[in-house]
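*Asks:* Provided herewith: run14.tsv, TSV, C-alpha atoms.
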chain	number	residue	atom	x	y	z
A	1	MET	CA	-198.99	40.27	151.47
A	2	PHE	CA	-200.45	42.65	148.90
A	3	SER	CA	-202.01	39.80	146.91
A	4	ARG	CA	-203.82	38.67	150.05
A	5	PHE	CA	-204.77	41.99	151.65
A	6	GLY	CA	-204.57	44.39	148.71
A	7	ALA	CA	-202.99	47.23	150.69
A	8	MET	CA	-201.00	48.03	153.82
A	9	GLY	CA	-203.34	50.39	155.61
A	10	GLU	CA	-203.85	53.21	153.12
A	11	TRP	CA	-200.67	52.33	151.20
A	12	THR	CA	-200.82	50.45	147.88
A	13	LEU	CA	-198.13	48.20	146.42
A	14	PRO	CA	-196.69	50.82	144.02
A	15	GLU	CA	-196.48	53.35	146.86
A	16	VAL	CA	-194.66	50.95	149.17
A	17	ALA	CA	-192.45	49.91	146.24
A	18	LEU	CA	-191.40	53.56	145.92
A	19	PHE	CA	-190.18	53.54	149.54
A	20	TYR	CA	-188.40	50.24	148.96
A	21	GLY	CA	-186.68	51.43	145.78
A	22	MET	CA	-185.63	54.76	147.26
A	23	VAL	CA	-183.95	53.32	150.36
A	24	HIS	CA	-182.25	50.45	148.56
A	25	VAL	CA	-180.79	52.68	145.84
A	26	ALA	CA	-179.56	55.12	148.50
A	27	PHE	CA	-178.05	52.37	150.65
A	28	ALA	CA	-176.43	50.66	147.65
A	29	LEU	CA	-174.71	53.92	146.75
A	30	THR	CA	-173.57	54.23	150.36
A	31	GLU	CA	-172.17	50.71	150.46
A	32	ALA	CA	-170.36	51.26	147.18
A	33	TRP	CA	-168.33	54.22	148.37
A	34	SER	CA	-168.19	54.21	152.17
A	35	ARG	CA	-168.13	50.53	153.10
A	36	GLY	CA	-164.64	50.98	154.59
A	37	PHE	CA	-166.14	52.98	157.46
A	38	ASP	CA	-168.69	50.20	158.03
A	39	THR	CA	-165.87	47.68	158.56
A	40	PHE	CA	-163.53	50.13	160.30
A	41	GLY	CA	-163.83	48.43	163.69
A	42	ARG	CA	-162.28	45.26	162.31
A	43	GLN	CA	-159.34	47.30	160.95
A	44	VAL	CA	-158.71	48.81	164.37
A	45	GLN	CA	-159.00	45.46	166.17
A	46	THR	CA	-156.59	43.67	163.84
A	47	GLY	CA	-154.08	46.53	163.72
A	48	HIS	CA	-154.49	47.24	160.01
A	49	PHE	CA	-155.45	50.82	160.80
A	50	ASP	CA	-151.85	51.44	161.95
A	51	ARG	CA	-150.70	50.86	158.36
A	52	VAL	CA	-153.24	53.42	157.14
A	53	LEU	CA	-151.81	55.99	159.54
A	54	LEU	CA	-148.30	55.52	158.13
A	55	ARG	CA	-149.22	56.06	154.47
A	56	PRO	CA	-148.82	59.53	152.96
A	57	ARG	CA	-152.47	59.78	151.85
A	58	SER	CA	-155.62	61.17	153.39
A	59	ILE	CA	-156.86	58.80	156.09
A	60	PRO	CA	-160.58	59.17	155.24
A	61	LEU	CA	-159.81	58.58	151.55
A	62	GLN	CA	-157.91	55.38	152.38
A	63	VAL	CA	-160.70	54.12	154.61
A	64	LEU	CA	-163.33	54.93	151.93
A	65	GLY	CA	-161.47	52.83	149.36
A	66	GLN	CA	-160.72	49.98	151.76
A	67	GLU	CA	-163.82	47.87	151.08
A	68	PHE	CA	-164.95	49.00	147.62
A	69	GLN	CA	-166.86	46.03	146.19
A	70	LEU	CA	-168.57	45.84	142.82
A	71	MET	CA	-170.60	42.87	144.03
A	72	ARG	CA	-172.80	45.37	145.90
A	73	VAL	CA	-174.32	46.32	142.54
A	74	GLU	CA	-177.16	43.81	142.92
A	75	ARG	CA	-178.87	45.93	145.60
A	76	LEU	CA	-178.55	48.98	143.35
A	77	VAL	CA	-179.98	47.14	140.34
A	78	GLN	CA	-182.84	45.62	142.34
A	79	GLY	CA	-183.69	48.94	143.98
A	80	THR	CA	-183.55	50.76	140.64
A	81	ILE	CA	-185.83	48.21	138.97
A	82	VAL	CA	-188.39	48.48	141.77
A	83	LEU	CA	-188.09	52.28	141.77
A	84	LEU	CA	-188.67	52.48	138.01
A	85	TRP	CA	-191.61	50.10	138.30
A	86	ALA	CA	-193.17	52.23	141.04
A	87	ALA	CA	-192.49	55.45	139.12
A	88	GLY	CA	-195.54	57.50	138.33
A	89	TRP	CA	-194.27	61.04	138.81
A	90	THR	CA	-193.79	64.04	136.58
A	91	LEU	CA	-190.37	65.42	135.67
A	92	GLY	CA	-190.42	67.93	138.55
A	93	LYS	CA	-191.23	65.23	141.07
A	94	GLY	CA	-188.57	63.02	139.53
A	95	ALA	CA	-185.96	65.68	140.24
A	96	TRP	CA	-187.21	65.86	143.84
A	97	LEU	CA	-186.89	62.08	144.07
A	98	VAL	CA	-183.33	62.09	142.71
A	99	ALA	CA	-182.33	64.77	145.23
A	100	ALA	CA	-183.87	62.73	148.05
A	101	ILE	CA	-182.10	59.56	146.93
A	102	LEU	CA	-178.77	61.41	146.82
A	103	GLY	CA	-179.39	62.65	150.37
A	104	GLY	CA	-179.71	59.07	151.61
A	105	PRO	CA	-176.05	58.15	151.05
A	106	MET	CA	-175.01	61.29	152.89
A	107	LEU	CA	-177.04	60.23	155.94
A	108	PHE	CA	-175.92	56.59	155.85
A	109	SER	CA	-172.28	57.61	155.27
A	110	GLY	CA	-172.49	59.89	158.29
A	111	LEU	CA	-173.83	56.99	160.34
A	112	PHE	CA	-170.96	54.79	159.13
A	113	VAL	CA	-168.44	57.48	160.14
A	114	LEU	CA	-170.08	57.73	163.58
A	115	GLN	CA	-169.85	53.95	163.86
A	116	ALA	CA	-166.16	54.07	162.92
A	117	THR	CA	-165.55	56.76	165.52
A	118	MET	CA	-167.22	54.71	168.26
A	119	CYS	CA	-164.92	51.74	167.64
A	120	PHE	CA	-162.13	53.51	169.50
A	121	TRP	CA	-164.17	53.34	172.72
A	122	ILE	CA	-166.54	50.40	172.19
A	123	ILE	CA	-165.04	47.12	171.01
A	124	GLU	CA	-168.07	45.75	169.13
A	125	THR	CA	-169.63	48.82	167.51
A	126	LEU	CA	-170.88	46.99	164.44
A	127	GLN	CA	-173.94	45.47	166.08
A	128	LEU	CA	-174.81	48.68	167.88
A	129	ALA	CA	-174.61	50.77	164.72
A	130	ASN	CA	-176.34	48.14	162.58
A	131	THR	CA	-179.53	48.79	164.50
A	132	VAL	CA	-179.75	52.22	162.88
A	133	THR	CA	-178.00	51.61	159.54
A	134	HIS	CA	-179.15	48.21	158.31
A	135	GLY	CA	-182.15	48.35	160.63
A	136	GLY	CA	-182.94	51.78	159.21
A	137	VAL	CA	-182.94	50.32	155.70
A	138	GLU	CA	-185.38	47.64	156.78
A	139	THR	CA	-187.57	50.22	158.51
A	140	ALA	CA	-187.51	52.71	155.62
A	141	GLN	CA	-188.75	50.08	153.16
A	142	TYR	CA	-192.22	50.81	154.49
A	143	PRO	CA	-194.05	54.08	155.19
A	144	LEU	CA	-193.19	55.49	158.61
A	145	SER	CA	-196.87	55.95	159.38
A	146	ILE	CA	-197.31	52.20	159.96
A	147	TYR	CA	-194.93	52.25	162.95
A	148	THR	CA	-195.51	53.29	166.55
A	149	LYS	CA	-195.00	56.89	167.63
A	150	GLY	CA	-191.65	56.08	169.31
A	151	LEU	CA	-190.15	54.58	166.15
A	152	ARG	CA	-191.50	57.43	164.02
A	153	GLU	CA	-189.84	59.95	166.34
A	154	LEU	CA	-186.57	57.96	166.41
A	155	PHE	CA	-186.32	57.87	162.61
A	156	THR	CA	-187.42	61.50	162.27
A	157	PHE	CA	-185.51	63.35	165.00
A	158	VAL	CA	-182.66	61.10	166.22
A	159	VAL	CA	-181.72	59.28	163.00
A	160	PRO	CA	-183.40	61.52	160.40
A	161	LEU	CA	-184.05	58.77	157.87
A	162	ALA	CA	-187.57	60.10	157.37
A	163	CYS	CA	-186.06	63.28	155.94
A	164	THR	CA	-184.31	61.36	153.17
A	165	ASN	CA	-187.00	58.78	152.44
A	166	TYR	CA	-190.45	59.20	153.98
A	167	PHE	CA	-191.09	62.94	153.58
A	168	PRO	CA	-189.68	63.12	150.02
A	169	ALA	CA	-191.76	60.09	149.05
A	170	LEU	CA	-194.85	61.82	150.45
A	171	ALA	CA	-194.05	64.85	148.29
A	172	VAL	CA	-193.58	62.66	145.20
A	173	LEU	CA	-196.79	60.75	145.87
A	174	GLY	CA	-198.71	63.96	146.54
If you took the structure in this file and wrote it as structure tokens, what would it be?
*Replies:*
Amino acid sequence: MFSRFGAMGEWTLPEVALFYGMVHVAFALTEAWSRGFDTFGRQVQTGHFDRVLLRPRSIPLQVLGQEFQLMRVERLVQGTIVLLWAAGWTLGKGAWLVAAILGGPMLFSGLFVLQATMCFWIIETLQLANTVTHGGVETAQYPLSIYTKGLRELFTFVVPLACTNYFPALAVLG
């Protein structure tokens, strides 16, 4: 797209690559350590959660470690490569960027926990929650300013993904 049009509105390829790298690094960190909450509904449906309740360990800790997969590293590596390629900030802005990227897993982990909580009342929560988790990753790959007002408000006020990706990227880009 960038080879044909040169830019996406006022956004250049390195600027959009910064958004892409930030959200994929944040989501890869989330998947690495809280994937168990993403698949929690399946545990409840199959009855495996009953075994978790009987063990003498912290329930959230057991659920966190349930689906730890090293194969999720490819998203982290790809996002890091793109992020380093798009990097053009000073050391102070780099620290701001690291703080923003570390905030992303906190938001996505919270969304996974909300999804896990909903599975006690809604049988198929995965698809409902995927619209804001995985859909949020797809949305945050691009600047929020290219979307309609409704989507911008959704990802700013309801699911505050803009606070962990868009606004910090604006600060880094100046």
*Asks:* Distance atom CA of Lys93 of chain A-atom CA of Pro168 of chain A, one decimal place?
*Replies:*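 Distance reported for this atom pair: 9.3 Å.
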*Asks:* Just checking: using only C-alpha atoms, which residue out of A:Leu83, A:Gly103, A:Leu111, A:Val52 ends up closest to Thr164 of chain A?
*Replies:*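 Smallest distance to Thr164 of chain A is found for A:Gly103.
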*Asks:* What's the separation between atom CA of Gln43 of chain A and atom CA of Thr133 of chain A, in Å to one decimal place?
*Replies:*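 Interatomic distance here is 19.2 Å.
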*Asks:* List as an NGL selection string the protein and nucleic acid residues near Cys163 of chain A, meaning an atom at most 12 Å away when only C-alpha atoms are counted, but skip any in the same chain fewer than 2 places from it.
*Replies:* :A and (23 or 97 or 99-104 or 106-107 or 140 or 144 or 152-161 or 165-171)
*Asks:* Could you tell me how far atom CA of Gln78 of chain A lies from atom CA of Gly94 of chain A, in Å and to one decimal?
*Replies:*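 Between atom CA of Gln78 of chain A and atom CA of Gly94 of chain A the gap works out to 18.5 Å.
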*Asks:* Name the residues in contact with segment 12-20 of chain A at a cut-off of 6 Å, using only C-alpha atoms, excluding same-chain residues fewer than 4 positions from it; report them as a list of chain:residue names.
*Replies:*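 Everything that qualifies: A:Ala7, A:Leu83, A:Ala86, A:Gln141, A:Tyr142.
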*Asks:* Could you make a table, as a Markdown table, of the residues of segment 61-162 of chain A that have an atom within 10 Å of an atom of segment 26-33 of chain A, each with its nearest atom pair and distance in Å to one decimal, counting only C-alpha atoms, in chain and number order?
*Replies:*
| residue | atom | partner | partner_atom | distance |
| --- | --- | --- | --- | --- |
| A:Val63 | CA | A:Trp33 | CA | 9.9 |
| A:Leu64 | CA | A:Trp33 | CA | 6.2 |
| A:Gly65 | CA | A:Trp33 | CA | 7.1 |
| A:Gln66 | CA | A:Trp33 | CA | 9.3 |
| A:Glu67 | CA | A:Trp33 | CA | 8.2 |
| A:Phe68 | CA | A:Ala32 | CA | 5.9 |
| A:Gln69 | CA | A:Ala32 | CA | 6.4 |
| A:Leu70 | CA | A:Ala32 | CA | 7.2 |
| A:Met71 | CA | A:Ala32 | CA | 9.0 |
| A:Arg72 | CA | A:Ala32 | CA | 6.5 |
| A:Val73 | CA | A:Ala28 | CA | 7.0 |
| A:Glu74 | CA | A:Ala28 | CA | 8.4 |
| A:Arg75 | CA | A:Ala28 | CA | 5.7 |
| A:Leu76 | CA | A:Ala28 | CA | 5.1 |
| A:Val77 | CA | A:Ala28 | CA | 8.9 |
| A:Gln78 | CA | A:Ala28 | CA | 9.7 |
| A:Gly79 | CA | A:Ala28 | CA | 8.3 |
| A:Thr80 | CA | A:Ala26 | CA | 9.8 |
| A:Val98 | CA | A:Ala26 | CA | 9.8 |
| A:Ala100 | CA | A:Ala26 | CA | 8.8 |
| A:Ile101 | CA | A:Ala26 | CA | 5.4 |
| A:Leu102 | CA | A:Ala26 | CA | 6.6 |
| A:Gly103 | CA | A:Ala26 | CA | 7.8 |
| A:Gly104 | CA | A:Ala26 | CA | 5.0 |
| A:Pro105 | CA | A:Thr30 | CA | 4.7 |
| A:Met106 | CA | A:Thr30 | CA | 7.6 |
| A:Leu107 | CA | A:Thr30 | CA | 8.9 |
| A:Phe108 | CA | A:Thr30 | CA | 6.4 |
| A:Ser109 | CA | A:Thr30 | CA | 6.1 |
| A:Gly110 | CA | A:Thr30 | CA | 9.8 |
| A:Phe112 | CA | A:Thr30 | CA | 9.2 |
| A:Thr133 | CA | A:Phe27 | CA | 8.9 |
| A:His134 | CA | A:Phe27 | CA | 8.8 |
| A:Gly136 | CA | A:Phe27 | CA | 9.9 |
| A:Val137 | CA | A:Phe27 | CA | 7.3 |
*Asks:* For C-alpha atoms, I'd like the residues from the last selection saved as a CSV table (one decimal), in the coordinates of the input.
*Replies:*
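Below is the file that was written, selection-v9.csv:
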chain,number,residue,atom,x,y,z
A,63,VAL,CA,-160.7,54.1,154.6
A,64,LEU,CA,-163.3,54.9,151.9
A,65,GLY,CA,-161.5,52.8,149.4
A,66,GLN,CA,-160.7,50.0,151.8
A,67,GLU,CA,-163.8,47.9,151.1
A,68,PHE,CA,-165.0,49.0,147.6
A,69,GLN,CA,-166.9,46.0,146.2
A,70,LEU,CA,-168.6,45.8,142.8
A,71,MET,CA,-170.6,42.9,144.0
A,72,ARG,CA,-172.8,45.4,145.9
A,73,VAL,CA,-174.3,46.3,142.5
A,74,GLU,CA,-177.2,43.8,142.9
A,75,ARG,CA,-178.9,45.9,145.6
A,76,LEU,CA,-178.6,49.0,143.4
A,77,VAL,CA,-180.0,47.1,140.3
A,78,GLN,CA,-182.8,45.6,142.3
A,79,GLY,CA,-183.7,48.9,144.0
A,80,THR,CA,-183.6,50.8,140.6
A,98,VAL,CA,-183.3,62.1,142.7
A,100,ALA,CA,-183.9,62.7,148.0
A,101,ILE,CA,-182.1,59.6,146.9
A,102,LEU,CA,-178.8,61.4,146.8
A,103,GLY,CA,-179.4,62.6,150.4
A,104,GLY,CA,-179.7,59.1,151.6
A,105,PRO,CA,-176.0,58.2,151.0
A,106,MET,CA,-175.0,61.3,152.9
A,107,LEU,CA,-177.0,60.2,155.9
A,108,PHE,CA,-175.9,56.6,155.8
A,109,SER,CA,-172.3,57.6,155.3
A,110,GLY,CA,-172.5,59.9,158.3
A,112,PHE,CA,-171.0,54.8,159.1
A,133,THR,CA,-178.0,51.6,159.5
A,134,HIS,CA,-179.2,48.2,158.3
A,136,GLY,CA,-182.9,51.8,159.2
A,137,VAL,CA,-182.9,50.3,155.7
